[in-house]
Structure formats: C-alpha cells, structure tokens
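Q: Encoded as structure tokens, here's the structure I'll be asking about.
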Amino acid sequence: YVWANHVNTPGDLSDGIKKPAIKDINRYSGDLSLEGNISANNNLTLKGFTGKESNTDYTTYEDQYAPDWSVNTVAITPYKSYIHKTTWTGMSIIDVIKSGDHSFTFGLDNQSAVFNSQLYDKTGTENITYSPDYNQSNTGIFAQGNLLLMDKKLVVSTGIRFDLMNYKILETKFFNNKELKADNQVFSPSLGIKYHVNNFFALRASFSKGYSPAN
C-alpha cells in the first residue's frame, strides 16, 4: 500500500497541469499464489492479483493577464483540478514440466484494467477530460522450451505466445455515444541459442518478436 498526500510536483503535461502543483497519491495492490508439484517433474503455479491507484491533482498557480496582455503567474488557493483512477485485476496459470535436462513451460494469463479521469475548474464544475475513460484487457497463452544439448554445451530456448487484446472506450456524461471497441491479435515467437566454447567464453544469438500495447 502506498499513500502520500500533498506531494509537491512540477506539474504533468499529460494531465493538463503545466505549473507546479500538489498531488495526492493512493495505491494498493495484492496477489495470492498457490504452487505445488503435480508429480516429481511437474510444477503448477496459480496466481491472482488486483490493485487500484488514485491520483488527485490540485492547481496552485494560475495565469493572470494584464491590459497589455502580459502574463503574470500568481499563487492561488489550491483547488482539486484532476482525478485519475486505475483499477486492475488478473490471473495466471503456469505449468513447468521437466524431462531429463530439458524443461517445458506452458501458461495462460489474463489482465484487465479500467482507466477513469475527471477534470474540474476552480468553481468545482466538472469539464471534459483530455482522454476518454477506457477498458483494456489482454489474454495470452504461451509455451517455452529450454533444451540442453551436446553434453550441455548448447542451450536452445524457444517460445511462442499468442495474445488477444481488447480496447473499449467507455460511455460517460461527456461521451454518451455508443461504446467503441477494437481488438488486436498478436503472435510472438522467440528463439535463443547459447554455446559454451569453454569455461570462460560463450557465444549467444537470439531472435524475438514482441508487441507493446498502447496506454
């Protein structure tokens, strides 16, 4: 759990706060894992997690314009100007099977997060935010093998992963149109090779393809 109130910040352009400000931060997260051996060569791990973060920004300065349109930045009584909340939950299942010097890993994971924000002016009136509220979820399945060959001098690691990602813009009082959705399907292979020339030197080569979801 993380809790910090009235933290002085230089501002945050992504939140529309361009001058020094004050921020309240509240964050908690937790997870629960269950791990055990199904057999002598088979280990299974189940894990679930959840968390929530809430950030509140307070505006402490504002621009005042003179008759000649010159700008003077002055300190004001702080007011709540922006709230951003993120909530996430997820789970994973990982099964590791050993066969001699080799090991094989199979897994499934899922994570879902909801992002909400609210923008206020100095009178306390809520205004439209800089970004919409949205939900982002991801479900992935993967497999990986680690092979020890040539009297353990050659290590080959290969893996594949498939992800189904879903994005959904949520309806709010400022965005009351039908919710918008988008799906992405991503296939990510990987291959790594390591050869031990002797006890002091090793040659490595690897290839992988990945995907970073938008935030």
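Letters A, B, ... go to the chains of the structure tokens in the order shown; residues in each chain start at 1; ligands are counted from 1 in the same order.
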Just the residues within 8 Å of stretch 125-132 of chain A, please, counting only C-alpha atoms, with nothing from its chain fewer than 3 positions along; format it as a VMD selection string.
A: chain A and resid 15 to 16 116 to 122 169 to 170 174 to 175
Q: What residues in stretch 14-198 of chain A get the DSSP label strand (DSSP E)? Please answer as JSON, numbers by chain.
A: {"A": [21, 22, 23, 24, 25, 26, 27, 28, 29, 30, 31, 32, 33, 34, 35, 36, 37, 38, 39, 42, 43, 44, 45, 46, 47, 48, 49, 50, 51, 52, 53, 54, 55, 56, 57, 58, 59, 60, 61, 62, 63, 64, 65, 71, 72, 73, 74, 75, 76, 77, 78, 79, 80, 81, 82, 83, 84, 85, 86, 87, 88, 89, 90, 91, 92, 93, 94, 95, 96, 97, 98, 99, 102, 103, 104, 105, 106, 107, 108, 109, 110, 111, 112, 113, 114, 115, 116, 117, 118, 119, 120, 126, 127, 134, 135, 136, 137, 138, 139, 140, 141, 142, 143, 144, 145, 146, 147, 148, 149, 154, 155, 156, 157, 158, 159, 160, 161, 162, 163, 164, 165, 166, 167, 168, 169, 180, 181, 182, 183, 184, 185, 186, 187, 188, 189, 190, 191, 192, 193, 194, 195, 196]}
Q: Give me, as a list in words, all polymer residues having an atom no more than 6 Å from A:Lys47, counting only C-alpha atoms and skipping those fewer than 6 positions away in the same chain.
A: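 In the requested format, the answer is Leu32, Ser33, Met91 and Ser92 of chain A.
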Q: Output the selection as a CSV table (one decimal), in the first residue's frame - C-alpha atoms for each residue.
A:
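part03.csv was written with the following content:
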```csv
chain,number,residue,atom,x,y,z
A,32,LEU,CA,-2.3,-14.6,-4.0
A,33,SER,CA,-0.3,-17.6,-5.3
A,91,MET,CA,-4.6,-14.2,-13.1
A,92,SER,CA,-2.0,-16.6,-14.4
```
Q: Rank nothing, just name the residue among A:Tyr195, A:Tyr61, A:Phe142, A:Tyr1 nearest to A:Thr158, using only C-alpha atoms.
A: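 For A:Thr158, the nearest of the given residues is A:Phe142.
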Q: Near A:Ser39, within 12 Å and counting only C-alpha atoms, which residues show up once chain neighbours fewer than 6 positions away are dropped, as JSON, numbers by chain?
A: {"A": [95, 96, 97, 98, 99]}
Q: For the residues selected in the previous step, produce a file with N, CA and C atoms as a PDB file, in the first residue's frame.
A:
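The result, written out as selection02.pdb:
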```pdb
ATOM      1  N   ASP A  95       2.546 -23.946 -15.911  1.00  0.00           N
ATOM      2  CA  ASP A  95       2.854 -25.357 -15.707  1.00  0.00           C
ATOM      3  C   ASP A  95       4.252 -25.639 -16.261  1.00  0.00           C
ATOM      4  N   VAL A  96       5.140 -26.127 -15.410  1.00  0.00           N
ATOM      5  CA  VAL A  96       6.522 -26.421 -15.811  1.00  0.00           C
ATOM      6  C   VAL A  96       6.742 -27.933 -15.732  1.00  0.00           C
ATOM      7  N   ILE A  97       7.160 -28.503 -16.861  1.00  0.00           N
ATOM      8  CA  ILE A  97       7.420 -29.938 -16.950  1.00  0.00           C
ATOM      9  C   ILE A  97       8.897 -30.148 -17.256  1.00  0.00           C
ATOM     10  N   LYS A  98       9.556 -31.000 -16.473  1.00  0.00           N
ATOM     11  CA  LYS A  98      10.961 -31.320 -16.693  1.00  0.00           C
ATOM     12  C   LYS A  98      11.096 -32.724 -17.250  1.00  0.00           C
ATOM     13  N   SER A  99      11.987 -32.843 -18.227  1.00  0.00           N
ATOM     14  CA  SER A  99      12.264 -34.138 -18.837  1.00  0.00           C
ATOM     15  C   SER A  99      13.771 -34.261 -19.011  1.00  0.00           C
TER      16      SER A  99
END
```
Q: Please tabulate, as CSV, the residues of stretch 52-110 of chain A that come within 10 Å of stretch 3-7 of chain A, each with its closest pair of atoms and the distance in Å to one decimal, counting only C-alpha atoms and ordering rows by chain, then residue number upward.
A:
```
residue,atom,partner,partner_atom,distance
A:Glu53,CA,A:Trp3,CA,9.9
A:Ser54,CA,A:Trp3,CA,9.8
A:Asn55,CA,A:Asn5,CA,9.7
A:Thr56,CA,A:Asn5,CA,9.1
A:Asp57,CA,A:His6,CA,9.0
A:Tyr58,CA,A:His6,CA,8.6
```
Q: Just want the 12 Å neighbourhood of A:Tyr134, counted on only C-alpha atoms, with same-chain residues fewer than 5 positions away dropped. Output as number ranges by chain.
A: A: 84-87, 112-117, 166-172, 175, 179-182, 214-215
